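Here the structure comes first, spelled out in structure tokens, and everything after it is commentary.
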Amino acid sequence: MSESALTQQLVNGLTLGCMYALIALGYTLIFGVMRLIFFAQGELCMVGALAAFLVFGRLAGRVGEGSPLALIVALAAAVAASAIVAALSEYLAIRPIRRAARTKQLIASLGVSLILQNAVLLGVGAENFSFPSLLPASSWSVLGAVVTPVQVFIIACSLLLMLTLQWLLTSTRLGLRLRAVSENTETAELDGIDIDRTIRATFVIGAVLAAFAGVMMGSYDGVVKYNMGFLPGIKGFTAAILGGIGRASGAMVGGLFLGLAETLAAGYVSSTYKDVIAFGLLVLILLVRPSGLVGKRWATA
Amino acid sequence: MGDGLVTESITHDWRAALSEERLPLAGAFVVLALALLPLAGPSNYLLHILVLVFVYVSLGQGLNVVVGFAGLLDLGYVAFYAIGAYTYALLSLNAGVSFLPALAAGAALAALFGVILGWPTIRTRGDYLALVTLGFGEIIRLVLRNWVEVTNGPKGLMGLPAPKVLGVSLNTPGHYYYLGLLLGTAALALAWRVKYSAVGQQLAAIRDDEDAATSIGINPVRWKLYAFATGAFVAGAAGVFFASWQTFVSPESFTLGESILILSIVVLGGMGRLWPTVAAAAFLVLLPEVLRGLETYRILVLGIFFVIVVIIQERLRLRRVRLASAPRRAASSTAHARDERTRTRPAAETAEGVGGVLLSLSHVAKSFGGISALKDVSLQVRRGEILGLIGANGAGKTTLFNCIAGALRPDSGEINLLKDGAVLPLHKLPAYKTARTGLVRTFQQPRLFSSLTAGANVELGTRCRNVPKLWEPFWPGKGAGRGEEVAHALRLTGAPPPETAVDGMSFVDQKLTELARALATRPEVILVDEPASGMEIAARASLSRRLRRASREEGITVVVVEHDLSFLSSTCDRLVVLDRGRVAADGPPGDEHVTKTIRQTYHTTWGQDANT
């Protein structure tokens, strides 16, 4: 393949990787505070994307496609829906079993994911809905690669979100509480930290990131569907493991790595088997670097 | 009231007769009744549905071994079922292989895939297994869909031959009914044998508390992999049967929804129970047949099931713990009372049995991030002595135990066990291997296997070096006579009787049972972490006597961590004072330097320079 094709692959991989990283961050934060793999992270993307689609449909005509207002409305709807669903799921399904055996927690979290996916299926059906174009449909040529405004939006917005999260974790009281609970829940509780509130906040933060990822996925693929969150959900988890679960920076690195690896594999090996390659990578990483590409923290917990 | 009691005892008898351990009795009736059913001339439709039930009974039991017994979550279980089905399809169509060899091949191939997939995952991070298997299930489905040359893609493979056994072609609904019944019975029997064998006990221990399991010599990777491969084996066999029954296979039979259906059989069946899992399989297969309209809601309903069943089980567990612990709290002084019954002479004052060096630590260091818990610890423990380790919080006592027992690997330094003229480098061994060399430990917070009785906990200790064989569920070894060993260990520490359930046991009884479990491994050295914490004074004195007696009579070397100086003085031959990761003093109890150092370390650590 030519050099410009490689640049194109890199841009596409970076775009994909940013979305994986946002989902991975949700997994990693929740795993950090309660050692739980919350399966519904992918479904929260779907809820966000569909909420954006539905709200936008309501406003059809009043808000023009491609206007800045459109994007803001879509994102607000996505974030609100996803955050409410996450907070409810945490309250109804996860909180009652916080002290249950690990396997049972996983089963309940799988249950939440199934409920969300199938409730949406019953509500809106199995159609592919075409997602509104929130950004202008032009494109630029950068080093021979075609770059669309959607891609710029995805990459820039992801970076902004990651920086915001980093600031939140390191410079706010909530971030301090969250890190304290991650480090040691019992000690944090003894120090007077409200564990319930911190865990709920963590779920909501994860949901906000997922909602952004959902709107990005909708804008990038042009369609939304009840099961659109399934594969990105698994991929996001893979990214979290690649980077070393429990580490925010690891999730970002893992997401970008997986997005690039998958895009390059699709371009140079076989697009039919790109998902197979992604999962193969997961098993390979577990084999050679179980603590992830980046670091060691929590690797032996 | 009287009626209530009678009813209760009747239900108790009824339950005992149908209890899982007596499965062959009840099982024989059920199988016999089902075997006679075709004589009543049922419709082909009913036979068809029942064959479907049998298939899901076997899949449910196979996954039960993985999820219920071993506590591993497998979300791609259907992949192994698919491997079995496609093995039969490809072997019978392309190579003319007949049913029985294909059955063996399908089951074995599925088990092999189980090992290949399970080994890297279980060895490193077992909690990722759920998503790794989810990914694997998707990979298998994608490969079946896309590898058109071999699998014929989404269209699947058609015209599979009916099974032929001993030259007889089995192709009527009745034939399939009996084959299916055989399959379901075999899977149920397999799960039953695994559960009520030494292997099942090992699995339960790992599921309940993996660290505690490794501390008594159990190798978690081996048994998890065993469970995972056994589950895959059953699914492979079920897949072969399914393919021969349907006479065609396609990727659409092996979706994630199918894995979730099988998982919900296990969840609804109570995770790890046998008959309820059979009932759950029948229920979930029959439900959509009865209520056709429900099909669209099926997965939604299963999702709701998952959440609700788990929440209810957790509520019940919490209530059980509360109920059980309430009356026992009053009886927690029984440890002391039991002691009075078996009390013998007070222990000798001198350490006459003390011999050469058994355990040697040189320059052991361990730090966590920037905090160095152990700076430089060198220490020798002599054979037969009781050594007390004392030091304020943060002195590094538990970290030292963790390093010796293999739960942590020291950053530098050596820990050697000198046994039978050989030097065993403990700092290089994982925890379960350390335990098998004859060095076991207890935990500061007692860690028992909560789903087992006190007796079963201790029995697991006796299996430390007598590791169950892989075929033990089907070919039991000479395991008899452990009852006496178990009772002896429980008596030695004054723990409650073997049939006592762990859920709801008092803190002190848990500590004593844990100590008995460790002693049952017949150790050379035992590391005891704060054995007397939470005990009243009389119980402490009795524990001190028991530790000394166990040490003298069984020839066990004891290293004990405590804060209670009077407990240590009456128990130990020698005291070592740890202060912020170093040995600060070493000498017999009552030694002036030792006493002074203890006073100093507790004061400085709690005083102004606590943060250094």
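Each chain in the structure tokens gets a letter, A, B, ..., in the order shown, and its residues are numbered from 1; ligands are numbered from 1 in order too.
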At most 6 Å to chain A: residues in chain B, only C-alpha atoms, as a PDB file with C-alpha atoms, in the first residue's frame:
ATOM      1  CA  PRO B 120      -3.363 -18.095  29.552  1.00  0.00           C
ATOM      2  CA  THR B 124      -2.860 -14.667  34.782  1.00  0.00           C
ATOM      3  CA  GLY B 135     -14.740 -12.756  22.721  1.00  0.00           C
ATOM      4  CA  ILE B 139     -14.558 -15.546  17.209  1.00  0.00           C
ATOM      5  CA  LEU B 300     -35.081  -9.282  28.391  1.00  0.00           C
ATOM      6  CA  GLY B 303     -31.603 -10.297  32.001  1.00  0.00           C
ATOM      7  CA  PHE B 306     -30.030 -12.463  36.377  1.00  0.00           C
ATOM      8  CA  VAL B 307     -30.353  -9.281  38.388  1.00  0.00           C
TER       9      VAL B 307
END
Mind checking which residues fall within 12 Å of Val143 (chain B), counting only C-alpha atoms, ignoring those fewer than 4 positions away in the same chain, and posting them as a VMD selection string? (chain A and resid 272 to 277) or (chain B and resid 79 82 to 83 86 136 to 139 147 to 154 250 to 251 254)
Choose the residue, out of B:Ala520, B:Ile216, B:Pro430, B:Leu181, that has the smallest atom-to-atom separation from Val30 (chain B); count only C-alpha atoms.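 Among the listed residues, the smallest separation from Val30 (chain B) belongs to B:Leu181.
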Got a sec: who's within 12 Å of Ala76 (chain A), counting only C-alpha atoms, leaving out chain neighbours fewer than 3 positions off, as a VMD selection string? chain A and resid 48 to 49 51 to 53 55 to 56 69 to 73 79 to 83 208 211 to 212 215
Please produce a file of those selected residues containing C-alpha atoms, as a short mmCIF file (atom, residue, chain, number, x, y, z; two decimals), in the first residue's frame.
data_model
loop_
_atom_site.label_atom_id
_atom_site.label_comp_id
_atom_site.auth_asym_id
_atom_site.auth_seq_id
_atom_site.Cartn_x
_atom_site.Cartn_y
_atom_site.Cartn_z
CA GLY A 48 -26.61 7.90 24.57
CA ALA A 49 -26.53 7.63 20.80
CA ALA A 51 -31.24 9.48 22.94
CA ALA A 52 -29.35 11.95 20.77
CA PHE A 53 -31.07 10.53 17.69
CA VAL A 55 -34.23 14.16 20.68
CA PHE A 56 -32.83 15.39 17.41
CA LEU A 69 -26.41 24.07 18.43
CA ALA A 70 -27.25 20.68 16.91
CA LEU A 71 -24.12 19.15 18.28
CA ILE A 72 -24.68 20.60 21.73
CA VAL A 73 -28.29 19.44 21.86
CA VAL A 79 -25.18 12.58 28.41
CA ALA A 80 -28.43 13.06 30.32
CA ALA A 81 -29.95 9.76 29.19
CA SER A 82 -26.82 7.74 29.71
CA ALA A 83 -26.09 9.22 33.14
CA VAL A 208 -20.82 10.54 30.42
CA ALA A 211 -22.46 8.91 25.93
CA PHE A 212 -19.84 10.98 24.13
CA VAL A 215 -22.60 10.18 19.72
#
What is the distance between CA of Leu129 (chain B) and CA of Thr185 (chain A), in Å to one decimal?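 Rounded to one decimal, the two atoms are 24.4 Å apart.
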